[in-house]
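**Q** Structure below; questions to follow.
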Amino acid sequence: MEITLTVDGELFVLAVEPRVTVLDALREYLGVISVKKGCDHGQCGACTALVDGRRVATCLSLAVQCDGAEITTAGGLGEHPIARAFVEHDGFQCGYCTPGQVCSAVGMLDEAAQGWPSHVTEDVAAEVDGLSDDEIRERMGGNLCRCGAYVNIVAAIREVADRAEHAARRTGEGAR
């Protein structure tokens, strides 16, 4: 089947079999190595990318289902504040999970900004007003780090979330 994907801002037309995953289309067909193949069962998060702005385990998504989608990998995030915070807080060790962690963090911060609750949100009817460390851990629960850099990952996300919250207060927007 012929599909069209926009990956990190670049348009691609691919001929793929219906069973090809987004992960395999990115890595095998397009040579995009910033998405990693970890468990290949959607349990580790190493393959996480943003598909039309939402975080997705690309090993579980079929490429034909994403025809016409815009896919952003960690490589396409450029100088995103999350990427810089991961470096500043040493939020990686071996680095294998880092691209998926970074994409997941960007997606989860957007979800929180939109007011999506998590399993540890105390009052799901209330507006999300800042993210506690428990909220960050819960929201990032689908991304594993076998090196155990979780403390630094949470610190990196916390810094960016706090900066965004502070900026929103200064402009009068507040939490959504």
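Convention: chains lettered A, B, ... in structure tokens order; per-chain residue numbering from 1; ligands numbered from 1 as shown.
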Which polymer residues have any atom within 12 Å of an atom of region 13-23 of chain A, counting only C-alpha atoms, with same-chain residues fewer than 2 positions away left out, as JSON, numbers by chain?

**A** {"A": [1, 2, 3, 4, 5, 6, 7, 10, 11, 25, 26, 27, 28, 29, 30, 31, 32, 33, 34, 35, 36, 37, 38, 39, 40, 41, 42, 45, 46, 47, 48, 49, 50, 51, 56, 57, 58, 59, 60, 61, 62, 63, 64, 65, 66, 67, 68, 69, 70, 71, 72, 73, 100]}

**Q** Next, write the just-selected residues to a file, as a PDB file, in the first residue's frame, keeping C-alpha atoms as the atom set.

**A**
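Contents of the output file selection.pdb:
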```pdb
ATOM      1  CA  MET A   1       0.000   0.000   0.000  1.00  0.00           C
ATOM      2  CA  GLU A   2       1.183   3.511  -0.700  1.00  0.00           C
ATOM      3  CA  ILE A   3       1.129   5.873   2.275  1.00  0.00           C
ATOM      4  CA  THR A   4       2.255   9.405   2.971  1.00  0.00           C
ATOM      5  CA  LEU A   5       3.985  10.387   6.221  1.00  0.00           C
ATOM      6  CA  THR A   6       5.459  13.680   7.299  1.00  0.00           C
ATOM      7  CA  VAL A   7       8.397  12.783   9.549  1.00  0.00           C
ATOM      8  CA  GLU A  10       9.826  16.108   5.792  1.00  0.00           C
ATOM      9  CA  LEU A  11       7.195  14.532   3.513  1.00  0.00           C
ATOM     10  CA  ALA A  25       8.602   2.144   8.574  1.00  0.00           C
ATOM     11  CA  LEU A  26      10.653   4.800  10.326  1.00  0.00           C
ATOM     12  CA  ARG A  27      13.737   2.702  10.981  1.00  0.00           C
ATOM     13  CA  GLU A  28      13.801   0.251   8.057  1.00  0.00           C
ATOM     14  CA  TYR A  29      12.251   2.295   5.261  1.00  0.00           C
ATOM     15  CA  LEU A  30      13.335   5.830   6.175  1.00  0.00           C
ATOM     16  CA  GLY A  31      16.492   5.274   8.235  1.00  0.00           C
ATOM     17  CA  VAL A  32      15.199   7.286  11.201  1.00  0.00           C
ATOM     18  CA  ILE A  33      17.216   5.944  14.104  1.00  0.00           C
ATOM     19  CA  SER A  34      15.985   8.277  16.842  1.00  0.00           C
ATOM     20  CA  VAL A  35      13.147   5.831  17.548  1.00  0.00           C
ATOM     21  CA  LYS A  36      14.422   2.690  19.220  1.00  0.00           C
ATOM     22  CA  LYS A  37      13.180  -0.864  19.095  1.00  0.00           C
ATOM     23  CA  GLY A  38      13.067  -2.082  22.682  1.00  0.00           C
ATOM     24  CA  CYS A  39      10.537  -4.729  23.627  1.00  0.00           C
ATOM     25  CA  ASP A  40       8.466  -4.602  20.393  1.00  0.00           C
ATOM     26  CA  HIS A  41       5.362  -5.146  22.589  1.00  0.00           C
ATOM     27  CA  GLY A  42       4.514  -1.580  23.686  1.00  0.00           C
ATOM     28  CA  GLY A  45       8.351   3.118  25.549  1.00  0.00           C
ATOM     29  CA  ALA A  46      11.682   3.209  23.694  1.00  0.00           C
ATOM     30  CA  CYS A  47       9.805   3.628  20.412  1.00  0.00           C
ATOM     31  CA  THR A  48       7.591   6.500  21.566  1.00  0.00           C
ATOM     32  CA  ALA A  49       7.075   9.277  19.019  1.00  0.00           C
ATOM     33  CA  LEU A  50       4.474  11.995  18.592  1.00  0.00           C
ATOM     34  CA  VAL A  51       1.879  11.180  15.952  1.00  0.00           C
ATOM     35  CA  VAL A  56       2.297   6.772  20.522  1.00  0.00           C
ATOM     36  CA  ALA A  57       4.129   3.470  20.951  1.00  0.00           C
ATOM     37  CA  THR A  58       5.159   3.136  17.315  1.00  0.00           C
ATOM     38  CA  CYS A  59       5.816  -0.605  17.644  1.00  0.00           C
ATOM     39  CA  LEU A  60       2.074  -1.136  18.169  1.00  0.00           C
ATOM     40  CA  SER A  61       0.828   1.182  15.419  1.00  0.00           C
ATOM     41  CA  LEU A  62       0.508   0.131  11.815  1.00  0.00           C
ATOM     42  CA  ALA A  63       1.984   2.476   9.256  1.00  0.00           C
ATOM     43  CA  VAL A  64      -1.120   2.247   7.046  1.00  0.00           C
ATOM     44  CA  GLN A  65      -3.225   3.530   9.954  1.00  0.00           C
ATOM     45  CA  CYS A  66      -1.022   6.626  10.091  1.00  0.00           C
ATOM     46  CA  ASP A  67      -1.353   7.484   6.405  1.00  0.00           C
ATOM     47  CA  GLY A  68      -1.259  11.277   6.162  1.00  0.00           C
ATOM     48  CA  ALA A  69      -0.012  11.711   9.738  1.00  0.00           C
ATOM     49  CA  GLU A  70       2.645  14.064  11.003  1.00  0.00           C
ATOM     50  CA  ILE A  71       5.219  12.169  13.055  1.00  0.00           C
ATOM     51  CA  THR A  72       7.737  13.873  15.296  1.00  0.00           C
ATOM     52  CA  THR A  73      10.622  11.876  16.693  1.00  0.00           C
ATOM     53  CA  GLY A 100      11.292   7.757  23.730  1.00  0.00           C
TER      54      GLY A 100
END
```

**Q** As a ChimeraX atom specification, which residues of region 5-161 of chain A does DSSP assign to alpha helix (DSSP H)?

**A** /A:22-24,81-88,98-113,133-139,150-161

**Q** Counting only C-alpha atoms, what is within 10 Å of Arg139 (chain A), bar same-chain residues fewer than 5 positions away, as a ChimeraX atom specification?

**A** /A:104-105,107-109,111-112,117-120,131,133-134

**Q** If I take CA of Gly75 (chain A) and CA of Trp116 (chain A), how far is one from the other in Å, to one decimal?

**A**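 Answer for the CA of Gly75 (chain A) to CA of Trp116 (chain A) separation: 26.2 Å.
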
**Q** Run DSSP on the backbone and tell me which residues of region 9-108 of chain A come out as strand (DSSP E or B); list them as a PyMOL selection string.

**A** chain A and resi 10-15+21+48-51+54-57+62+70-72

**Q** Would you mind telling me which residue in A:Cys147, A:Ile157, A:Ala167, A:Leu77 lies nearest to Cys94 (chain A) when using only C-alpha atoms?

**A**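 Among the listed residues, A:Cys147 lies closest to Cys94 (chain A).
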
**Q** Let me make sure I understand: among A:Ala164, A:Ile136, A:Cys103, A:Ala155, which one has the smallest atom-to-atom distance to Gly76 (chain A) if we use only C-alpha atoms?

**A**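 Among the listed residues, the smallest separation from Gly76 (chain A) belongs to A:Cys103.
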